[in-house]
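Peer 1: My file is upload.txt. It has compact mmCIF, C-alpha atoms and all ligand atoms:
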# COMPACT_ATOMS: atom_id res chain seq x y z
CA MET A 826 -2.53 -8.31 -12.01
CA ILE A 827 -4.07 -6.04 -9.38
CA ASP A 828 -7.59 -4.67 -9.80
CA VAL A 829 -7.95 -1.14 -8.42
CA TYR A 830 -11.41 0.11 -7.55
CA TYR A 831 -10.82 3.77 -8.14
CA TRP A 832 -12.10 7.28 -8.74
CA PRO A 833 -9.72 10.23 -9.25
CA THR A 834 -9.69 11.71 -5.73
CA PRO A 835 -6.91 12.08 -3.11
CA ASN A 836 -7.73 8.69 -1.57
CA GLY A 837 -7.70 7.05 -5.00
CA TRP A 838 -4.35 8.67 -5.95
CA LYS A 839 -2.64 7.16 -2.89
CA VAL A 840 -3.02 3.73 -4.48
CA THR A 841 -2.20 4.64 -8.09
CA ILE A 842 0.91 6.54 -6.92
CA MET A 843 2.02 3.54 -4.84
CA LEU A 844 1.47 1.15 -7.76
CA GLU A 845 3.44 3.45 -10.07
CA GLU A 846 6.26 3.77 -7.50
CA CYS A 847 6.43 -0.03 -7.18
CA GLY A 848 6.17 -0.66 -10.92
CA LEU A 849 3.29 -3.10 -10.41
CA GLU A 850 0.81 -3.92 -13.15
CA TYR A 851 -2.75 -2.85 -12.44
CA ARG A 852 -6.16 -2.49 -13.98
CA ILE A 853 -8.50 0.38 -13.11
CA LEU A 854 -12.13 -0.43 -12.31
CA PRO A 855 -13.89 2.93 -11.99
CA VAL A 856 -16.22 3.41 -9.00
CA ASP A 857 -18.35 6.43 -9.86
CA ILE A 858 -19.01 7.64 -6.33
CA GLY A 859 -21.30 10.43 -7.52
CA GLY A 860 -23.33 7.92 -9.52
CA GLY A 861 -23.73 5.39 -6.70
CA ASP A 862 -21.36 2.58 -7.78
CA GLN A 863 -20.12 2.33 -4.20
CA PHE A 864 -23.49 0.95 -3.11
CA LYS A 865 -23.56 -1.91 -5.59
CA PRO A 866 -23.59 -5.26 -3.75
CA GLU A 867 -20.58 -6.56 -5.69
CA PHE A 868 -18.54 -3.54 -4.56
CA LEU A 869 -19.82 -3.70 -0.97
CA ARG A 870 -18.51 -7.28 -0.78
CA ILE A 871 -15.02 -5.88 -1.32
CA SER A 872 -15.48 -2.59 0.51
CA PRO A 873 -18.22 -2.82 3.19
CA ASN A 874 -17.83 0.86 4.15
CA ASN A 875 -18.95 1.92 0.63
CA ARG A 876 -15.77 3.87 -0.03
CA MET A 877 -13.10 3.55 -2.66
CA PRO A 878 -10.18 2.79 -3.04
CA ALA A 879 -10.07 -0.99 -2.77
CA ILE A 880 -7.92 -3.58 -4.49
CA VAL A 881 -8.06 -7.24 -5.45
CA ASP A 882 -4.68 -8.89 -5.92
CA HIS A 883 -5.06 -11.94 -8.15
CA ASP A 884 -1.47 -12.97 -7.51
CA PRO A 885 -0.95 -12.67 -3.75
CA PRO A 886 2.40 -13.45 -2.15
CA GLY A 887 2.65 -17.17 -1.51
CA GLY A 888 -0.10 -17.98 -4.03
CA GLY A 889 -3.66 -18.95 -3.14
CA ALA A 890 -6.99 -17.23 -3.67
CA PRO A 891 -7.13 -13.53 -4.62
CA ILE A 892 -6.89 -11.11 -1.69
CA SER A 893 -9.20 -8.09 -1.50
CA ILE A 894 -8.44 -5.07 0.69
CA PHE A 895 -10.27 -1.82 1.47
CA GLU A 896 -8.90 1.28 3.33
CA SER A 897 -5.94 2.98 1.66
CA GLY A 898 -3.66 2.56 4.71
CA ALA A 899 -4.10 -1.23 4.66
CA ILE A 900 -3.68 -1.27 0.86
CA LEU A 901 -0.37 0.63 0.97
CA GLU A 902 0.96 -1.53 3.79
CA TYR A 903 0.04 -4.65 1.80
CA LEU A 904 1.70 -3.41 -1.39
CA ALA A 905 4.79 -2.39 0.56
CA ASP A 906 5.05 -5.85 2.08
CA LYS A 907 4.40 -7.50 -1.27
CA THR A 908 7.21 -5.60 -2.98
CA GLY A 909 9.56 -4.95 -0.07
CA MET A 910 9.49 -1.23 -0.96
CA PHE A 911 8.85 1.97 1.03
CA LEU A 912 8.33 0.23 4.42
CA PRO A 913 11.25 -1.18 6.42
CA LYS A 914 10.90 -4.72 7.76
CA ALA A 915 12.71 -4.20 11.09
CA PRO A 916 10.36 -2.94 13.84
CA ALA A 917 12.15 0.34 14.65
CA GLY A 918 11.92 1.66 11.09
CA ARG A 919 8.63 -0.06 10.30
CA TYR A 920 6.69 1.57 13.13
CA LYS A 921 8.28 4.94 12.51
CA VAL A 922 6.59 4.78 9.12
CA LEU A 923 3.34 3.12 10.20
CA GLN A 924 2.65 5.68 12.92
CA TRP A 925 2.65 8.41 10.23
CA VAL A 926 0.49 6.29 7.94
CA HIS A 927 -2.09 5.95 10.73
CA TRP A 928 -1.70 9.64 11.52
CA GLN A 929 -2.70 10.52 7.97
CA MET A 930 -5.62 8.09 7.95
CA ALA A 931 -7.03 9.36 11.25
CA ASN A 932 -6.12 13.05 10.98
CA LEU A 933 -5.13 14.85 7.80
CA GLY A 934 -7.50 13.02 5.42
CA PRO A 935 -10.67 13.24 7.55
CA MET A 936 -9.98 16.80 8.78
CA MET A 937 -9.23 18.12 5.29
CA GLY A 938 -12.34 16.36 3.99
CA ASN A 939 -14.47 18.00 6.67
CA ALA A 940 -12.79 21.40 6.26
CA ASN A 941 -13.35 21.28 2.51
CA HIS A 942 -16.96 20.28 3.04
CA PHE A 943 -17.79 23.21 5.35
CA LYS A 944 -15.55 25.82 3.71
CA ASN A 945 -16.21 25.09 0.05
CA TYR A 946 -18.73 22.41 -0.76
CA ALA A 947 -21.57 23.00 1.71
CA LYS A 948 -22.19 26.49 0.31
CA ASN A 949 -24.30 24.70 -2.29
CA ILE A 950 -26.18 22.73 0.34
CA ALA A 951 -26.91 24.88 3.39
CA SER A 952 -29.43 27.67 2.82
CA ASP A 953 -28.11 29.77 5.72
CA PRO A 954 -24.32 30.47 5.63
CA LYS A 955 -24.40 30.86 9.44
CA GLN A 956 -24.89 27.10 9.72
CA LEU A 957 -21.42 26.60 8.26
CA GLU A 958 -19.46 28.94 10.52
CA TYR A 959 -18.75 26.61 13.44
CA GLY A 960 -17.89 23.60 11.25
CA THR A 961 -15.58 25.73 9.11
CA LYS A 962 -13.76 27.20 12.13
CA ARG A 963 -13.40 23.82 13.84
CA PHE A 964 -12.07 21.86 10.85
CA VAL A 965 -9.97 24.59 9.22
CA GLY A 966 -8.43 25.11 12.69
CA GLU A 967 -7.62 21.40 12.93
CA VAL A 968 -6.05 21.42 9.47
CA ASP A 969 -3.92 24.40 10.48
CA ARG A 970 -2.76 22.48 13.56
CA LEU A 971 -1.94 19.42 11.44
CA CYS A 972 0.10 21.58 9.03
CA GLY A 973 2.14 22.65 12.06
CA VAL A 974 2.66 18.98 13.01
CA MET A 975 3.98 18.19 9.53
CA ASP A 976 6.05 21.36 9.26
CA ALA A 977 7.87 20.69 12.54
CA GLN A 978 8.55 17.09 11.55
CA LEU A 979 9.79 18.16 8.11
CA SER A 980 12.01 20.87 9.59
CA VAL A 981 14.37 18.15 10.84
CA ASN A 982 13.58 15.27 8.45
CA ARG A 983 13.71 15.13 4.66
CA TYR A 984 10.61 12.92 4.61
CA LEU A 985 7.70 12.48 7.00
CA ALA A 986 9.00 9.37 8.74
CA GLY A 987 12.69 10.28 8.60
CA ALA A 988 15.48 10.23 6.03
CA ASP A 989 13.81 7.85 3.57
CA TYR A 990 10.83 8.21 1.24
CA SER A 991 8.12 5.82 2.46
CA ILE A 992 4.43 4.95 2.33
CA ALA A 993 3.96 7.72 4.93
CA ASP A 994 4.82 10.25 2.19
CA ILE A 995 2.83 8.43 -0.48
CA ILE A 996 -0.31 8.37 1.65
CA THR A 997 -0.04 11.98 2.85
CA TRP A 998 1.00 13.85 -0.32
CA PRO A 999 -2.30 13.46 -2.23
CA TRP A 1000 -4.06 15.44 0.52
CA ALA A 1001 -1.20 17.77 1.43
CA PHE A 1002 -0.64 19.15 -2.08
CA LEU A 1003 -4.27 20.35 -2.08
CA LEU A 1004 -3.93 22.38 1.14
CA GLY A 1005 -3.66 25.72 -0.67
CA ARG A 1006 -6.66 25.10 -2.88
CA MET A 1007 -8.86 23.67 -0.13
CA ILE A 1008 -7.87 25.95 2.73
CA ASP A 1009 -5.76 28.96 1.81
CA GLU A 1010 -2.62 29.63 -0.29
CA THR A 1011 -0.92 31.26 2.73
CA VAL A 1012 -0.20 27.76 4.08
CA TRP A 1013 2.82 27.61 1.78
CA THR A 1014 4.47 30.63 3.38
CA THR A 1015 3.36 29.82 6.93
CA PHE A 1016 4.75 26.28 6.64
CA PRO A 1017 7.89 26.43 4.45
CA ASN A 1018 9.15 22.93 5.35
CA LEU A 1019 5.83 21.48 4.31
CA LYS A 1020 6.08 23.34 0.99
CA ARG A 1021 9.62 22.05 0.40
CA TRP A 1022 8.40 18.46 0.92
CA VAL A 1023 5.19 18.88 -1.17
CA ASP A 1024 7.32 20.19 -4.06
CA GLU A 1025 9.95 17.48 -3.74
CA VAL A 1026 7.48 14.57 -3.56
CA GLY A 1027 5.31 16.13 -6.28
CA ALA A 1028 8.29 16.18 -8.66
CA ARG A 1029 8.66 12.37 -8.58
CA PRO A 1030 7.61 10.88 -11.94
CA ALA A 1031 5.54 8.10 -10.28
CA VAL A 1032 3.66 10.69 -8.22
CA GLN A 1033 2.88 12.75 -11.31
CA LYS A 1034 1.78 9.67 -13.23
CA GLY A 1035 -0.33 8.21 -10.40
CA ARG A 1036 -2.10 11.54 -9.92
CA GLN A 1037 -3.14 11.68 -13.58
CA VAL A 1038 -4.64 8.18 -13.82
CA GLN A 1039 -8.00 8.42 -15.60
CA ARG A 1040 -8.34 12.05 -14.54
CA GLU A 1041 -11.03 12.59 -17.13
CA LEU A 1042 -13.45 10.42 -15.10
CA GLY A 1043 -13.98 13.23 -12.63
CA GLN A 1044 -14.03 16.06 -15.17
CA ARG A 1045 -17.38 15.59 -16.88
CA THR A 1046 -19.61 18.65 -16.48
CA LEU A 1047 -22.73 17.63 -14.63
CA THR A 1048 -26.24 18.92 -15.20
CA ASP A 1049 -28.01 20.58 -12.25
CA GLU A 1050 -30.10 17.42 -11.86
CA GLU A 1051 -26.98 15.27 -11.74
CA GLU A 1052 -25.33 17.62 -9.23
CA LYS A 1053 -28.36 17.37 -6.99
CA ALA A 1054 -28.45 13.56 -7.20
CA ARG A 1055 -24.70 13.47 -6.46
CA ARG A 1056 -25.14 15.62 -3.34
CA GLU A 1057 -27.97 13.41 -2.15
CA LEU A 1058 -25.82 10.29 -2.63
CA LEU A 1059 -22.66 11.62 -1.03
CA PHE A 1060 -23.91 13.86 1.74
CA ASN A 1061 -27.15 12.33 2.87
CA GLN A 1062 -26.18 8.77 3.58
CA THR A 1063 -28.17 6.90 6.20
CA ASN A 1064 -27.95 3.30 7.26
CA ASP A 1065 -31.51 2.57 6.09
CA LYS A 1066 -30.76 3.46 2.47
CA VAL A 1067 -27.98 0.88 2.14
CA ARG A 1068 -28.86 -1.62 4.82
CA SER A 1069 -30.23 -4.44 2.67
CA ALA A 1070 -27.44 -4.22 0.06
CA ARG A 1071 -24.80 -4.09 2.82
CA GLU A 1072 -26.27 -7.07 4.67
CA ALA A 1073 -26.59 -9.10 1.45
CA ALA A 1074 -22.95 -8.31 0.63
CA ALA A 1075 -21.83 -9.33 4.13
CA ARG A 1076 -23.68 -12.68 3.79
CA ALA A 1077 -22.26 -13.29 0.30
CA GLY A 1078 -18.72 -12.24 1.27
N1 LIG A 1101 -10.41 6.04 4.95
C1 LIG A 1101 -10.74 5.73 3.58
C2 LIG A 1101 -11.45 6.92 2.96
C3 LIG A 1101 -11.96 6.61 1.58
C4 LIG A 1101 -12.96 7.67 1.11
O1 LIG A 1101 -13.42 8.52 1.88
N2 LIG A 1101 -13.31 7.59 -0.19
C5 LIG A 1101 -14.29 8.48 -0.73
C6 LIG A 1101 -13.78 9.22 -1.96
S1 LIG A 1101 -12.32 10.17 -1.59
C7 LIG A 1101 -15.50 7.67 -1.21
O2 LIG A 1101 -15.35 6.56 -1.72
N3 LIG A 1101 -16.71 8.20 -1.03
C8 LIG A 1101 -17.89 7.53 -1.39
C9 LIG A 1101 -19.05 7.85 -0.48
O3 LIG A 1101 -18.93 8.78 0.32
O4 LIG A 1101 -20.08 7.17 -0.57
C10 LIG A 1101 -9.46 5.37 2.82
O5 LIG A 1101 -8.46 6.04 3.06
O6 LIG A 1101 -9.48 4.43 1.99
Using the file provided, produce a representation of the structure as structure tokens.
Ligand SMILES: N[C@@H](CCC(=O)N[C@@H](CS)C(=O)NCC(=O)O)C(=O)O
Peer 2:
Amino acid sequence: MIDVYYWPTPNGWKVTIMLEECGLEYRILPVDIGGGDQFKPEFLRISPNNRMPAIVDHDPPGGGAPISIFESGAILEYLADKTGMFLPKAPAGRYKVLQWVHWQMANLGPMMGNANHFKNYAKNIASDPKQLEYGTKRFVGEVDRLCGVMDAQLSVNRYLAGADYSIADIITWPWAFLLGRMIDETVWTTFPNLKRWVDEVGARPAVQKGRQVQRELGQRTLTDEEEKARRELLFNQTNDKVRSAREAAARAG
């Protein structure tokens, strides 16, 4: 059994989609990131960066003590190695896939997160819209560039890392399918190869199932008070606020 520390967001879906694709049994442990679960010492022991997803595999390959992993890229690589699925073993194919996995982790995810923050979310935070202009231009521009990177790659390859569906697709799709909603619907006509791939991957039953896992968790309507507390938790994080819990978790871990 694999425990999945999860909340229904793009980074959470990467793991549920992978587990569904691999047919592995798992148990969801919700981490309410708007309610502060990510700062609980028991979670920080597993995920010191106070972010979900994370997993604990109680039945690791070769036996032994449970293995815990944070960072979705490491989680997908681990699950691929555990099952022998969606990541070739031989170096040539393996690193073709892993370079795109790292590309997603370092580029598309963070840039889309920042673009969404400045373009959509921060409207409720910044009193003067002018404060958002530079951040919006910078990060939406980066996302546009990254769409071009994917579109060119997908113009000559069925999947991101080549001819075969891999963890590169599984890790990228949960962000990519939201491009229209987060940035602008014109992306689908500007980048037709990207659209073809988003549609094809999105039609896979495991992708649809993984994306729906405990969707209702994120759908509760929040009061104004709760919204304010959520913003404070998510967008005003300083080291001081978490330092003692983080250090206690590091000592206990
Ligand atoms: N690079 C990380 C990113 C994880 C991440 O940013 N998770 C967000 C939700 S999508 C989170 O847990 N946020 C909690 C917080 O900001 O305190 C990964 O891919 O696992």
Peer 1: Would you compute, for all listed atoms of ligand LIG 1101 (chain A), the axis-aligned bounding box grown by 8 Å on each side, and then report its centre and edge lengths in Å rounded to one decimal, as lines of an AutoDock Vina configuration file?
Peer 2:
center_x = -14.3
center_y = 7.3
center_z = 1.5
size_x = 27.6
size_y = 21.7
size_z = 22.9
Peer 1: As a quick test: using only C-alpha atoms and all ligand atoms, which residues lie no more than 9 Å away from ligand LIG 1101 (chain A)? Give them as an MDAnalysis selection string.
Peer 2: chainID A and resid 831:837 839 856:859 861:864 874:879 895:900 929:931 934:935 938 996 1058:1060 1062
Peer 1: Tell me which protein, DNA and RNA residues are within 10 Å of A:His942, counting only C-alpha atoms, leaving out same-chain ones fewer than 4 positions away, and put them as number ranges by chain.
Peer 2: A: 936-938, 946-948, 950, 957, 960-961, 964, 1007, 1060
Peer 1: Pick out the residues sitting within 7 Å of A:Leu1019, and hand them over as a PyMOL selection string; count all atoms listed in the file, and ignore anything fewer than 2 positions along from it in its own chain.
Peer 2: chain A and resi 975-976+979+1016-1017+1021-1023
Peer 1: Any idea what's packed within 9 Å of stretch 907-909 of chain A, counting only C-alpha atoms, ignoring anything in its chain fewer than 3 positions away? Could you give it as a compact mmCIF listing (two decimals) with C-alpha atoms, in the frame of the given file?
Peer 2:
# COMPACT_ATOMS: atom_id res chain seq x y z
CA CYS A 847 6.43 -0.03 -7.18
CA LEU A 849 3.29 -3.10 -10.41
CA PRO A 885 -0.95 -12.67 -3.75
CA PRO A 886 2.40 -13.45 -2.15
CA GLU A 902 0.96 -1.53 3.79
CA TYR A 903 0.04 -4.65 1.80
CA LEU A 904 1.70 -3.41 -1.39
CA LEU A 912 8.33 0.23 4.42
CA PRO A 913 11.25 -1.18 6.42
CA LYS A 914 10.90 -4.72 7.76
Peer 1: What does the structure give for the distance between atom CA of A:Ala1075 and atom CA of A:Gly889, in Å to one decimal?
Peer 2: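 We find that atom CA of A:Ala1075 and atom CA of A:Gly889 lie 21.8 Å from each other.
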Peer 1: Which of these, A:Pro891, A:Glu967, A:Pro999, A:Leu933, has the shortest distance to A:Gln1037 once you count all atoms listed in the file?
Peer 2: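 Looking at the shortest contact to A:Gln1037, the residue is A:Pro999.
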Peer 1: Counting all atoms listed in the file, which residue out of A:Gln978, A:Gln924, A:Asn941, A:Asn949 sits closest to A:Ile992?
Peer 2: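 So, comparing all the options, the nearest one is A:Gln924.
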Peer 1: Could you pull the residues within 10 Å of A:Gly848, counting all atoms listed in the file, minus those fewer than 5 positions along the same chain, as a PyMOL selection string?
Peer 2: chain A and resi 842-843+908+1031
Peer 1: Please compute the atom CA of A:Thr1014-atom CA of A:Val965 distance, one decimal, in Å.
Peer 2: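 One can read the atom CA of A:Thr1014 to atom CA of A:Val965 distance as 16.7 Å.
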